[in-house]
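Shown below: upload.txt, with compact mmCIF, C-alpha atoms and all ligand atoms.
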# COMPACT_ATOMS: atom_id res chain seq x y z
CA MET C 263 41.42 -16.96 -203.09
CA ALA C 264 43.37 -15.84 -206.14
CA VAL C 265 41.96 -17.35 -209.25
CA ILE C 266 43.44 -15.63 -212.31
CA GLU C 267 41.29 -15.30 -215.39
CA ILE C 268 42.63 -14.14 -218.72
CA LYS C 269 39.78 -13.41 -221.06
CA GLN C 270 40.40 -12.96 -224.77
CA VAL C 271 43.59 -11.03 -224.18
CA ALA C 272 45.29 -9.86 -227.36
CA LYS C 273 48.36 -7.67 -227.76
CA THR C 274 49.67 -5.97 -230.85
CA PHE C 275 52.85 -3.93 -231.21
CA GLY C 276 52.22 -1.81 -234.31
CA SER C 277 51.35 -4.28 -237.05
CA PHE C 278 52.80 -7.25 -235.13
CA THR C 279 50.48 -9.46 -233.10
CA ALA C 280 52.33 -10.80 -230.06
CA LEU C 281 49.20 -12.41 -228.52
CA HIS C 282 46.10 -13.66 -230.31
CA SER C 283 43.01 -13.69 -228.10
CA VAL C 284 44.33 -15.79 -225.21
CA ASP C 285 41.89 -17.41 -222.76
CA LEU C 286 43.28 -19.05 -219.64
CA THR C 287 42.07 -19.64 -216.10
CA ILE C 288 44.59 -20.40 -213.37
CA ALA C 289 43.13 -21.96 -210.24
CA ASP C 290 43.73 -20.71 -206.71
CA GLN C 291 47.16 -21.95 -205.48
CA GLU C 292 47.93 -23.50 -208.83
CA PHE C 293 51.49 -23.49 -210.23
CA MET C 294 51.09 -22.60 -213.89
CA VAL C 295 54.07 -22.57 -216.21
CA LEU C 296 54.02 -20.66 -219.50
CA LEU C 297 56.36 -22.59 -221.78
CA GLY C 298 57.45 -21.77 -225.29
CA ALA C 299 60.31 -20.80 -227.57
CA SER C 300 61.77 -17.32 -227.63
CA GLY C 301 59.28 -14.81 -229.02
CA CYS C 302 56.12 -16.88 -228.48
CA GLY C 303 54.59 -14.20 -226.26
CA LYS C 304 54.99 -15.68 -222.79
CA THR C 305 56.72 -12.65 -221.25
CA THR C 306 54.18 -10.34 -222.86
CA LEU C 307 51.35 -12.35 -221.29
CA LEU C 308 53.05 -12.27 -217.89
CA ARG C 309 53.66 -8.53 -218.13
CA ILE C 310 49.98 -7.99 -218.97
CA ILE C 311 48.96 -9.96 -215.86
CA ALA C 312 51.46 -7.95 -213.81
CA GLY C 313 50.23 -4.63 -215.16
CA LEU C 314 53.55 -3.71 -216.79
CA GLU C 315 51.88 -3.88 -220.20
CA THR C 316 48.30 -3.11 -221.19
CA PRO C 317 46.38 -5.57 -223.35
CA THR C 318 45.18 -4.26 -226.70
CA THR C 319 41.88 -6.04 -226.06
CA GLY C 320 40.57 -8.42 -223.40
CA GLU C 321 40.36 -8.56 -219.63
CA VAL C 322 42.45 -9.76 -216.70
CA TRP C 323 40.74 -10.80 -213.45
CA ILE C 324 42.52 -11.66 -210.20
CA GLY C 325 40.54 -13.03 -207.25
CA GLY C 326 37.23 -12.11 -208.85
CA ARG C 327 38.29 -8.50 -209.46
CA ARG C 328 38.92 -7.00 -212.86
CA VAL C 329 42.46 -5.58 -212.70
CA ASP C 330 43.55 -4.71 -216.23
CA HIS C 331 43.01 -0.98 -215.55
CA LEU C 332 44.85 -1.09 -212.18
CA PRO C 333 48.55 -0.32 -211.63
CA PRO C 334 50.78 -3.29 -210.63
CA ARG C 335 50.86 -2.38 -206.91
CA GLU C 336 47.07 -2.64 -206.64
CA ARG C 337 46.89 -6.14 -208.09
CA GLY C 338 48.03 -8.14 -205.03
CA ILE C 339 50.96 -9.65 -206.88
CA ALA C 340 54.70 -10.03 -206.35
CA MET C 341 57.22 -10.51 -209.13
CA VAL C 342 60.59 -12.21 -209.53
CA PHE C 343 62.22 -11.49 -212.84
CA GLN C 344 65.31 -12.76 -214.59
CA ASN C 345 67.36 -9.70 -213.72
CA TYR C 346 66.21 -9.62 -210.15
CA ALA C 347 66.92 -6.22 -208.66
CA VAL C 348 68.59 -7.00 -205.36
CA PHE C 349 70.05 -3.75 -204.03
CA PRO C 350 73.77 -4.31 -203.38
CA HIS C 351 74.09 -1.46 -200.85
CA LEU C 352 71.35 -2.89 -198.63
CA THR C 353 71.67 -5.83 -196.28
CA VAL C 354 69.82 -9.02 -197.04
CA PHE C 355 67.39 -8.12 -194.24
CA GLU C 356 66.64 -4.72 -195.77
CA ASN C 357 66.35 -6.19 -199.24
CA ILE C 358 63.72 -8.64 -198.07
CA ALA C 359 62.02 -5.90 -196.03
CA PHE C 360 61.99 -3.46 -198.94
CA GLY C 361 58.39 -3.91 -200.07
CA LEU C 362 57.13 -4.10 -196.50
CA ARG C 363 58.75 -0.76 -195.64
CA MET C 364 57.12 0.77 -198.73
CA LYS C 365 53.83 -0.35 -197.22
CA LYS C 366 54.81 1.29 -193.92
CA MET C 367 54.42 -1.97 -192.03
CA ASP C 368 55.35 -1.85 -188.34
CA GLN C 369 58.77 -3.09 -187.31
CA ALA C 370 57.60 -6.17 -185.41
CA GLU C 371 55.69 -7.43 -188.42
CA VAL C 372 58.61 -6.63 -190.75
CA THR C 373 60.95 -8.64 -188.54
CA ARG C 374 58.51 -11.53 -188.32
CA ARG C 375 58.05 -11.75 -192.07
CA VAL C 376 61.71 -11.27 -192.97
CA THR C 377 62.78 -13.94 -190.47
CA ARG C 378 60.16 -16.38 -191.64
CA THR C 379 60.85 -16.06 -195.35
CA ALA C 380 64.62 -16.06 -194.80
CA GLU C 381 64.25 -19.37 -192.95
CA LEU C 382 62.07 -20.72 -195.73
CA MET C 383 64.76 -19.86 -198.30
CA HIS C 384 67.63 -21.03 -196.02
CA ILE C 385 69.32 -17.62 -195.92
CA GLU C 386 68.70 -16.70 -192.27
CA GLN C 387 72.45 -16.75 -191.62
CA LEU C 388 72.96 -14.10 -194.32
CA LEU C 389 70.56 -11.44 -193.05
CA LYS C 390 73.28 -9.00 -191.95
CA ARG C 391 75.37 -9.36 -195.09
CA TYR C 392 75.32 -6.77 -197.84
CA SER C 393 73.70 -8.19 -200.93
CA GLY C 394 76.64 -7.09 -203.05
CA GLU C 395 78.69 -9.74 -201.24
CA LEU C 396 76.43 -12.64 -202.22
CA SER C 397 76.76 -15.33 -204.85
CA GLY C 398 74.27 -15.47 -207.72
CA GLY C 399 72.34 -18.28 -206.08
CA GLN C 400 72.14 -16.44 -202.78
CA ARG C 401 70.95 -13.28 -204.51
CA GLN C 402 68.32 -15.35 -206.25
CA ARG C 403 67.09 -16.62 -202.90
CA VAL C 404 66.91 -13.05 -201.59
CA ALA C 405 64.79 -12.04 -204.59
CA VAL C 406 62.38 -14.92 -203.98
CA ALA C 407 62.31 -14.21 -200.22
CA ARG C 408 61.46 -10.57 -200.90
CA ALA C 409 58.53 -11.63 -203.07
CA LEU C 410 57.29 -14.17 -200.50
CA ALA C 411 57.60 -11.65 -197.63
CA MET C 412 54.84 -9.62 -199.24
CA GLU C 413 52.59 -12.64 -198.64
CA PRO C 414 51.05 -12.03 -202.04
CA ASP C 415 48.08 -13.91 -203.43
CA VAL C 416 49.96 -14.24 -206.70
CA ILE C 417 53.64 -14.60 -207.60
CA LEU C 418 54.77 -14.01 -211.16
CA MET C 419 58.19 -15.30 -212.17
CA ASP C 420 59.98 -14.77 -215.47
CA GLU C 421 62.92 -17.15 -216.00
CA PRO C 422 64.01 -16.64 -212.38
CA LEU C 423 66.65 -19.38 -212.50
CA SER C 424 68.21 -18.54 -215.83
CA ASN C 425 71.24 -16.75 -214.36
CA LEU C 426 72.30 -19.74 -212.28
CA ASP C 427 74.69 -22.51 -213.21
CA ALA C 428 73.23 -25.91 -214.05
CA LEU C 429 73.74 -27.52 -210.66
CA LEU C 430 72.35 -24.61 -208.68
CA ARG C 431 69.42 -24.43 -211.06
CA LEU C 432 68.52 -28.01 -210.25
CA GLU C 433 68.80 -27.37 -206.53
CA MET C 434 66.79 -24.14 -206.60
CA ARG C 435 64.14 -25.74 -208.77
CA ALA C 436 63.40 -28.39 -206.17
CA GLU C 437 63.48 -25.81 -203.37
CA LEU C 438 61.18 -23.40 -205.17
CA LYS C 439 58.69 -26.16 -205.73
CA GLY C 440 58.60 -27.00 -202.02
CA VAL C 441 58.50 -23.40 -200.83
CA LEU C 442 55.77 -22.28 -203.20
CA ALA C 443 53.58 -25.27 -202.40
CA GLU C 444 53.88 -24.33 -198.73
CA SER C 445 53.21 -20.64 -199.27
CA LYS C 446 49.81 -21.33 -200.88
CA THR C 447 50.20 -18.64 -203.51
CA THR C 448 49.01 -18.86 -207.06
CA THR C 449 52.12 -18.90 -209.24
CA ILE C 450 52.70 -18.13 -212.90
CA TYR C 451 56.19 -19.02 -214.06
CA VAL C 452 57.66 -18.27 -217.48
CA THR C 453 60.38 -20.47 -218.94
CA HIS C 454 61.63 -21.83 -222.24
CA ASP C 455 63.18 -24.81 -220.40
CA GLN C 456 60.89 -27.79 -220.83
CA VAL C 457 62.48 -29.84 -218.06
CA GLU C 458 62.01 -26.98 -215.62
CA ALA C 459 58.40 -26.67 -216.77
CA MET C 460 57.72 -30.39 -216.36
CA SER C 461 59.36 -30.44 -212.94
CA LEU C 462 57.57 -27.43 -211.43
CA ALA C 463 54.15 -27.16 -212.98
CA ASP C 464 50.73 -28.29 -211.86
CA ARG C 465 49.80 -27.34 -215.40
CA ILE C 466 51.84 -26.19 -218.38
CA SER C 467 50.51 -23.78 -220.98
CA VAL C 468 52.48 -24.50 -224.12
CA MET C 469 52.64 -21.36 -226.27
CA ASN C 470 53.45 -20.93 -229.93
CA GLY C 471 53.15 -17.83 -232.09
CA GLY C 472 51.13 -15.84 -229.54
CA ARG C 473 48.67 -18.64 -228.80
CA ILE C 474 48.24 -21.24 -226.07
CA VAL C 475 48.35 -24.53 -227.92
CA GLN C 476 47.68 -26.77 -224.91
CA ALA C 477 47.17 -26.21 -221.18
CA ALA C 478 47.32 -29.43 -219.20
CA ASN C 479 49.30 -31.25 -216.53
CA PRO C 480 52.88 -32.22 -217.48
CA VAL C 481 52.14 -35.91 -218.02
CA GLU C 482 49.19 -35.12 -220.25
CA VAL C 483 51.18 -32.59 -222.27
CA TYR C 484 53.94 -35.15 -222.71
CA ARG C 485 51.87 -38.25 -223.39
CA ASN C 486 48.93 -36.73 -225.22
CA PRO C 487 50.06 -33.64 -227.12
CA ALA C 488 46.99 -31.77 -228.36
CA ALA C 489 48.93 -30.56 -231.36
CA ARG C 490 51.86 -31.65 -233.46
CA PHE C 491 53.75 -28.60 -232.23
CA VAL C 492 53.58 -29.80 -228.61
CA GLY C 493 54.96 -33.23 -229.54
CA SER C 494 57.74 -31.62 -231.54
CA PHE C 495 58.62 -29.07 -228.83
CA ILE C 496 58.48 -31.23 -225.69
CA GLY C 497 60.75 -34.22 -225.28
CA ASN C 498 64.46 -34.52 -225.91
CA PRO C 499 64.66 -35.77 -228.59
CA PRO C 500 61.10 -34.87 -229.56
CA MET C 501 58.40 -37.13 -231.04
CA ASN C 502 58.99 -38.88 -234.34
CA PHE C 503 56.51 -38.16 -237.11
CA LEU C 504 55.96 -40.42 -240.13
CA ALA C 505 53.72 -40.03 -243.17
CA ALA C 506 50.76 -42.42 -243.28
CA THR C 507 48.65 -43.46 -246.26
CA PRO C 508 45.04 -44.62 -245.88
CA ALA C 509 44.51 -48.38 -246.30
CA GLY C 510 40.80 -48.78 -245.55
CA PRO C 511 38.60 -47.35 -242.77
CA GLY C 512 40.74 -46.91 -239.66
CA LYS C 513 43.72 -48.63 -241.32
CA TRP C 514 46.96 -46.92 -242.22
CA GLN C 515 50.15 -47.87 -243.94
CA VAL C 516 53.32 -46.38 -242.45
CA ALA C 517 56.69 -47.25 -244.00
CA GLY C 518 55.17 -50.39 -245.50
CA GLN C 519 53.64 -51.52 -242.18
CA MET C 520 49.92 -51.72 -241.36
CA PHE C 521 48.54 -49.92 -238.30
CA ASP C 522 45.10 -49.38 -236.80
CA GLY C 523 44.41 -45.67 -236.52
CA PRO C 524 41.72 -43.02 -236.64
CA VAL C 525 38.94 -42.92 -239.20
CA ALA C 526 39.97 -39.76 -241.01
CA ALA C 527 40.77 -38.46 -244.48
CA ALA C 528 44.44 -37.96 -243.70
CA ALA C 529 46.69 -38.68 -240.75
CA GLU C 530 50.27 -38.48 -239.58
CA PHE C 531 51.77 -41.15 -237.34
CA ALA C 532 53.74 -40.16 -234.23
CA ILE C 533 55.74 -42.03 -231.62
CA ARG C 534 58.10 -40.99 -228.84
CA PRO C 535 61.73 -42.21 -229.19
CA GLU C 536 61.63 -43.99 -225.82
CA ASP C 537 58.56 -46.01 -226.82
CA LEU C 538 60.58 -47.99 -229.35
CA HIS C 539 62.15 -51.37 -228.71
CA PRO C 540 63.85 -53.27 -231.50
CA GLY C 541 62.37 -56.62 -232.52
CA ASP C 542 62.12 -58.95 -235.51
CA THR C 543 59.35 -57.10 -237.31
CA GLY C 544 57.93 -53.59 -237.61
CA LEU C 545 59.03 -50.24 -238.95
CA PRO C 546 62.36 -50.67 -240.76
CA ALA C 547 64.93 -48.21 -239.45
CA GLU C 548 68.31 -47.84 -241.07
CA VAL C 549 70.75 -46.67 -238.42
CA ARG C 550 72.79 -43.58 -239.29
CA VAL C 551 74.28 -42.33 -236.01
CA VAL C 552 74.75 -44.13 -232.69
CA GLU C 553 75.28 -42.09 -229.50
CA PRO C 554 76.04 -44.07 -226.32
CA LEU C 555 74.89 -41.51 -223.73
CA GLY C 556 75.40 -43.50 -220.55
CA PRO C 557 71.92 -44.29 -219.22
CA HIS C 558 70.76 -45.12 -222.75
CA THR C 559 71.79 -45.29 -226.40
CA LEU C 560 70.36 -42.70 -228.75
CA ILE C 561 70.13 -43.69 -232.38
CA THR C 562 69.33 -41.51 -235.35
CA ALA C 563 67.93 -43.52 -238.21
CA SER C 564 65.98 -43.28 -241.42
CA VAL C 565 62.54 -44.85 -241.82
CA ALA C 566 61.36 -44.83 -245.44
CA GLY C 567 63.59 -41.81 -246.01
CA GLN C 568 62.23 -39.90 -242.99
CA PRO C 569 64.31 -38.95 -239.95
CA PHE C 570 63.63 -41.11 -236.93
CA ARG C 571 65.16 -41.38 -233.45
CA ALA C 572 65.00 -44.10 -230.86
CA ILE C 573 66.23 -44.27 -227.28
CA LEU C 574 67.46 -47.77 -226.62
CA ASP C 575 68.69 -49.62 -223.59
CA SER C 576 72.36 -48.77 -222.98
CA THR C 577 73.31 -52.42 -223.52
CA LEU C 578 72.24 -52.11 -227.15
CA LEU C 579 74.90 -50.67 -229.42
CA PRO C 580 73.94 -51.07 -233.08
CA ALA C 581 76.33 -49.87 -235.76
CA PRO C 582 75.68 -47.31 -238.50
CA GLY C 583 74.19 -49.14 -241.48
CA ASP C 584 72.35 -51.74 -239.34
CA LEU C 585 68.68 -52.33 -240.06
CA LEU C 586 66.46 -52.39 -236.93
CA HIS C 587 62.75 -53.08 -236.71
CA PHE C 588 60.37 -51.39 -234.32
CA ALA C 589 56.81 -52.51 -233.59
CA PRO C 590 55.54 -49.80 -231.21
CA ALA C 591 52.83 -50.67 -228.68
CA PRO C 592 49.47 -49.46 -230.06
CA ASP C 593 48.70 -47.42 -226.93
CA ARG C 594 51.88 -45.39 -227.46
CA ILE C 595 51.09 -44.35 -231.03
CA ARG C 596 49.56 -40.90 -231.61
CA TRP C 597 47.95 -39.52 -234.75
CA PHE C 598 47.73 -35.94 -236.01
CA ASP C 599 45.66 -34.26 -238.68
CA PRO C 600 48.15 -32.99 -241.27
CA ALA C 601 45.86 -30.09 -242.22
CA THR C 602 45.06 -28.70 -238.75
CA GLN C 603 48.17 -30.16 -237.03
CA THR C 604 45.94 -31.17 -234.10
CA ALA C 605 45.57 -34.59 -232.46
CA LEU C 606 43.12 -37.04 -233.99
P1 LIG A 701 61.76 -14.68 -224.72
O1 LIG A 701 61.84 -16.05 -224.14
O2 LIG A 701 62.78 -14.43 -225.79
O3 LIG A 701 61.67 -13.60 -223.71
P2 LIG A 701 58.89 -14.48 -225.09
O4 LIG A 701 58.12 -15.68 -225.48
O5 LIG A 701 58.83 -14.09 -223.68
O6 LIG A 701 60.39 -14.66 -225.57
P3 LIG A 701 57.85 -11.89 -225.66
O7 LIG A 701 58.88 -11.11 -224.93
O8 LIG A 701 56.50 -12.02 -225.04
O9 LIG A 701 58.40 -13.32 -226.04
O10 LIG A 701 57.68 -11.25 -227.10
C1 LIG A 701 56.73 -11.76 -228.03
C2 LIG A 701 56.92 -11.04 -229.33
O11 LIG A 701 56.52 -9.66 -229.20
C3 LIG A 701 58.35 -11.03 -229.83
O12 LIG A 701 58.34 -11.23 -231.22
C4 LIG A 701 58.84 -9.63 -229.49
O13 LIG A 701 59.80 -9.19 -230.42
C5 LIG A 701 57.57 -8.79 -229.58
N1 LIG A 701 57.61 -7.67 -228.65
C6 LIG A 701 57.68 -7.73 -227.32
N2 LIG A 701 57.68 -6.52 -226.76
C7 LIG A 701 57.63 -5.62 -227.79
C8 LIG A 701 57.61 -4.19 -227.89
N3 LIG A 701 57.64 -3.43 -226.80
N4 LIG A 701 57.58 -3.66 -229.12
C9 LIG A 701 57.52 -4.43 -230.23
N5 LIG A 701 57.55 -5.78 -230.22
C10 LIG A 701 57.59 -6.38 -229.02
Rewrite the coordinates I just gave you, this time as structure tokens.
Amino acid sequence: MAVIEIKQVAKTFGSFTALHSVDLTIADQEFMVLLGASGCGKTTLLRIIAGLETPTTGEVWIGGRRVDHLPPRERGIAMVFQNYAVFPHLTVFENIAFGLRMKKMDQAEVTRRVTRTAELMHIEQLLKRYSGELSGGQRQRVAVARALAMEPDVILMDEPLSNLDALLRLEMRAELKGVLAESKTTTIYVTHDQVEAMSLADRISVMNGGRIVQAANPVEVYRNPAARFVGSFIGNPPMNFLAATPAGPGKWQVAGQMFDGPVAAAAEFAIRPEDLHPGDTGLPAEVRVVEPLGPHTLITASVAGQPFRAILDSTLLPAPGDLLHFAPAPDRIRWFDPATQTAL
């Protein structure tokens, strides 16, 4: 059992606060992705869990044991980082065996584990090759195999696919998901790539400015952003936001249209671009740019002077200057508090 508990972990570098009192519990065998823009603190949080960085305050627990005072090797974790250190002068076999030899494991067990993880990563035919002779994708597999061979309770990964080309990234992403589900480890995976996060995670922790803004499963994060930031960060293009003016209890006027909404002092209206279908009535959108992208048509428009995007069926090709109307389904509309920026 490797539940990971992060309790009020904060980290400052001089006068700069990289993490503000983060609380997060990752369940046994869960695949947790830390997602956020560059500088949001995700690598710092991962390094604190790994023991490569000490928290300024707070505690880290792994498998019911407090570990924040322990060195990395005593935490029962394995790591795969962006610049995975695969030793070029060693064979693939010896690279995978590296950590096991450090533990002075007997040869039969080393062979068993190396063979098993190499098969899992589909590199069993490469075991005798020197790692310097491998492609980037193959080296990446060796790095993951070496981590899995340790049979760790926890695997920590920091942008492990970022050095690969787009196609290989897609392939490895699907493979990693399968392999890690099978290996029954608890995984924490850092990325700034939202598609990768959505594809891999049981839960995503969306980070911003050293805080976790929302931790939930990918569908929840996408459909029900807990904060405006989440809606504006996830989705390509992201959510549309429009100003709303109160028009009676629970009634709001948005771009001249009436909507039912929350009972609140102030609210902002939000809708995802793919939840918009043009009709005869609704929000008036003046088309500015039309991008026929193949599977769909992306339009950039202006609604009451505010930027607005819609993803339309590819058969629809409006022209710049056209006026479209959108009446979004009520269950797709979200509302945010303009003061706290959180969901209403
Ligand atoms: P990236 O995707 O670019 O790696 P990140 O979200 O992983 O970003 P971190 O590496 O955790 O970000 O860094 C968070 C913040 O802390 C950044 O502003 C960074 O400049 C700062 N920081 C990180 N390490 C140090 C350090 N050793 N000294 C001073 N500041 C640091």
Selection: 12 Å around Arg378 (chain C), all atoms listed in the file, excl. self and same-chain fewer than 4 positions, as a list in words
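Once the nearby chain positions are removed, what remains is Phe355, Ile358, Ala359, Glu371, Val372, Thr373, Arg374, Leu382, Met383, His384, Ile385, Glu386, Leu389, Ala407, Arg408, Leu410, Ala411, Met412, Glu413, Val441 and Ser445 of chain C.
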Provide the CA of Asp455 (chain C) to CA of Thr604 (chain C) distance in Å, to one decimal place.
22.9 Å
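For the choices C:Ala280, C:Val452, C:Leu545, C:Leu308, the atom-to-atom distance to ligand LIG 701 (chain A) is smallest for C:Ala280 when using all atoms listed in the file.
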Return as a PDB file with C-alpha atoms, keeping the file's coordinate frame the residues of protein, DNA or RNA that approach ligand LIG 701 (chain A) to within 9 Å, with all atoms listed in the file taken into account.
ATOM      1  CA  LYS C 273      48.360  -7.670-227.760  1.00  0.00           C
ATOM      2  CA  THR C 274      49.670  -5.970-230.850  1.00  0.00           C
ATOM      3  CA  PHE C 275      52.850  -3.930-231.210  1.00  0.00           C
ATOM      4  CA  GLY C 276      52.220  -1.810-234.310  1.00  0.00           C
ATOM      5  CA  PHE C 278      52.800  -7.250-235.130  1.00  0.00           C
ATOM      6  CA  THR C 279      50.480  -9.460-233.100  1.00  0.00           C
ATOM      7  CA  ALA C 280      52.330 -10.800-230.060  1.00  0.00           C
ATOM      8  CA  LEU C 281      49.200 -12.410-228.520  1.00  0.00           C
ATOM      9  CA  LEU C 296      54.020 -20.660-219.500  1.00  0.00           C
ATOM     10  CA  LEU C 297      56.360 -22.590-221.780  1.00  0.00           C
ATOM     11  CA  GLY C 298      57.450 -21.770-225.290  1.00  0.00           C
ATOM     12  CA  ALA C 299      60.310 -20.800-227.570  1.00  0.00           C
ATOM     13  CA  SER C 300      61.770 -17.320-227.630  1.00  0.00           C
ATOM     14  CA  GLY C 301      59.280 -14.810-229.020  1.00  0.00           C
ATOM     15  CA  CYS C 302      56.120 -16.880-228.480  1.00  0.00           C
ATOM     16  CA  GLY C 303      54.590 -14.200-226.260  1.00  0.00           C
ATOM     17  CA  LYS C 304      54.990 -15.680-222.790  1.00  0.00           C
ATOM     18  CA  THR C 305      56.720 -12.650-221.250  1.00  0.00           C
ATOM     19  CA  THR C 306      54.180 -10.340-222.860  1.00  0.00           C
ATOM     20  CA  LEU C 307      51.350 -12.350-221.290  1.00  0.00           C
ATOM     21  CA  LEU C 308      53.050 -12.270-217.890  1.00  0.00           C
ATOM     22  CA  ARG C 309      53.660  -8.530-218.130  1.00  0.00           C
ATOM     23  CA  GLU C 315      51.880  -3.880-220.200  1.00  0.00           C
ATOM     24  CA  ASP C 420      59.980 -14.770-215.470  1.00  0.00           C
ATOM     25  CA  GLU C 421      62.920 -17.150-216.000  1.00  0.00           C
ATOM     26  CA  VAL C 452      57.660 -18.270-217.480  1.00  0.00           C
ATOM     27  CA  THR C 453      60.380 -20.470-218.940  1.00  0.00           C
ATOM     28  CA  HIS C 454      61.630 -21.830-222.240  1.00  0.00           C
ATOM     29  CA  MET C 469      52.640 -21.360-226.270  1.00  0.00           C
ATOM     30  CA  ASN C 470      53.450 -20.930-229.930  1.00  0.00           C
ATOM     31  CA  GLY C 471      53.150 -17.830-232.090  1.00  0.00           C
ATOM     32  CA  GLY C 472      51.130 -15.840-229.540  1.00  0.00           C
TER      33      GLY C 472
END
Just give me the gap between CA of Leu423 (chain C) and CA of Phe293 (chain C) in Å, one decimal is fine.
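Between these atoms lies a distance of 15.9 Å.
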Anything within 9 Å of (61.3, -32.0, -218.3): list those residues as a list of chain:residue names, counting only C-alpha atoms and sticking to the file's coordinates.
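Residues with an atom at most 9 Å from (61.3, -32.0, -218.3): C:Asp455, C:Gln456, C:Val457, C:Glu458, C:Ala459, C:Met460, C:Ser461, C:Pro480, C:Ile496, C:Gly497, C:Asn498.
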Separation of CA of Pro350 (chain C) and CA of Glu381 (chain C), in Å?
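Computed distance, CA of Pro350 (chain C) to CA of Glu381 (chain C), equals 20.6 Å.
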Listed atoms of region 446-462 of chain C boxed along x, y and z, 3 Å each side, centre and edge lengths in Å, one decimal, as AutoDock Vina command-line options:
--center_x 56.1 --center_y -24.3 --center_z -211.6 --size_x 20.2 --size_y 18.3 --size_z 27.4
Residue neighbourhood Pro487 (chain C), 9 Å, all atoms listed in the file, exclusion window fewer than 4 positions, as an NGL selection string:
:C and (476 or 482-483 or 491-493 or 496 or 596 or 604-605)
Ref. answer, residues at most 10 Å from (75.9, -49.8, -245.5) with all atoms listed in the file, as a compact mmCIF listing (two decimals) with C-alpha atoms, in the coordinates of the input:
# COMPACT_ATOMS: atom_id res chain seq x y z
CA GLU C 548 68.31 -47.84 -241.07
CA VAL C 549 70.75 -46.67 -238.42
CA ARG C 550 72.79 -43.58 -239.29
CA ALA C 581 76.33 -49.87 -235.76
CA PRO C 582 75.68 -47.31 -238.50
CA GLY C 583 74.19 -49.14 -241.48
CA ASP C 584 72.35 -51.74 -239.34
CA LEU C 585 68.68 -52.33 -240.06
With distances taken over all atoms listed in the file, which of C:Phe521, C:Phe503, C:Tyr484, C:Tyr451 is nearest to Phe598 (chain C)?
C:Phe503
For region 495-559 of chain C against region 565-575 of chain C, with a cut-off of 12 Å and counting all atoms listed in the file, what is the closest atom pair and its distance in Å to one decimal for every residue that makes the cut, ordered by chain and number, as a Markdown table?
| residue | atom | partner | partner_atom | distance |
| --- | --- | --- | --- | --- |
| C:Gly497 | CA | C:Ile573 | CA | 11.6 |
| C:Asn498 | CA | C:Ile573 | CA | 10.0 |
| C:Pro499 | CA | C:Arg571 | CA | 7.4 |
| C:Pro500 | CA | C:Arg571 | CA | 8.6 |
| C:Met501 | CA | C:Arg571 | CA | 8.3 |
| C:Asn502 | CA | C:Phe570 | CA | 5.8 |
| C:Phe503 | CA | C:Phe570 | CA | 7.7 |
| C:Leu504 | CA | C:Gln568 | CA | 6.9 |
| C:Ala505 | CA | C:Gln568 | CA | 8.5 |
| C:Ala506 | CA | C:Ala566 | CA | 11.1 |
| C:Gln515 | CA | C:Ala566 | CA | 11.7 |
| C:Val516 | CA | C:Ala566 | CA | 8.7 |
| C:Ala517 | CA | C:Ala566 | CA | 5.5 |
| C:Gly518 | CA | C:Ala566 | CA | 8.3 |
| C:Gln519 | CA | C:Ala566 | CA | 10.7 |
| C:Phe531 | CA | C:Phe570 | CA | 11.9 |
| C:Ala532 | CA | C:Phe570 | CA | 10.3 |
| C:Ile533 | CA | C:Ala572 | CA | 9.5 |
| C:Arg534 | CA | C:Ala572 | CA | 7.8 |
| C:Pro535 | CA | C:Ala572 | CA | 4.1 |
| C:Glu536 | CA | C:Ile573 | CA | 4.8 |
| C:Asp537 | CA | C:Ala572 | CA | 7.8 |
| C:Leu538 | CA | C:Ala572 | CA | 6.1 |
| C:His539 | CA | C:Leu574 | CA | 6.7 |
| C:Pro540 | CA | C:Leu574 | CA | 8.2 |
| C:Gly541 | CA | C:Leu574 | CA | 11.8 |
| C:Gly544 | CA | C:Val565 | CA | 10.7 |
| C:Leu545 | CA | C:Val565 | CA | 7.0 |
| C:Pro546 | CA | C:Val565 | CA | 5.9 |
| C:Ala547 | CA | C:Val565 | CA | 4.8 |
| C:Glu548 | CA | C:Val565 | CA | 6.5 |
| C:Val549 | CA | C:Val565 | CA | 9.1 |
| C:Arg550 | CA | C:Pro569 | CA | 9.7 |
| C:Val551 | CA | C:Arg571 | CA | 9.5 |
| C:Val552 | CA | C:Ala572 | CA | 9.9 |
| C:Glu553 | CA | C:Ile573 | CA | 9.6 |
| C:Pro554 | CA | C:Leu574 | CA | 9.3 |
| C:Leu555 | CA | C:Ile573 | CA | 9.8 |
| C:Gly556 | CA | C:Asp575 | CA | 9.6 |
| C:Pro557 | CA | C:Asp575 | CA | 7.6 |
| C:His558 | CA | C:Asp575 | CA | 5.0 |
| C:Thr559 | CA | C:Leu574 | CA | 5.0 |
Go through C:Leu578, C:Ala370, C:Ile311, C:Leu396 one by one, measure the shortest atom-to-atom distance of each to Met419 (chain C) using all atoms listed in the file, and give the residue with the smallest value.
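Ranked by minimum distance to Met419 (chain C), first place goes to C:Ile311.
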Which one is closest to Lys446 (chain C): C:Leu586, C:Lys365, C:Gln291, C:Leu432? Count only C-alpha atoms.
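Of all the options, C:Gln291 lies closest to Lys446 (chain C).
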File output, region 284-293 of chain C (C-alpha atoms) as a compact mmCIF listing (two decimals), in the first residue's frame:
# COMPACT_ATOMS: atom_id res chain seq x y z
CA VAL C 284 -0.20 22.33 -0.45
CA ASP C 285 -2.44 19.51 0.80
CA LEU C 286 -2.93 16.46 -1.40
CA THR C 287 -3.59 12.77 -0.84
CA ILE C 288 -2.83 10.31 -3.63
CA ALA C 289 -4.51 6.93 -3.26
CA ASP C 290 -2.72 3.59 -3.49
CA GLN C 291 -2.17 2.69 -7.18
CA GLU C 292 -3.59 5.98 -8.32
CA PHE C 293 -2.17 7.78 -11.38
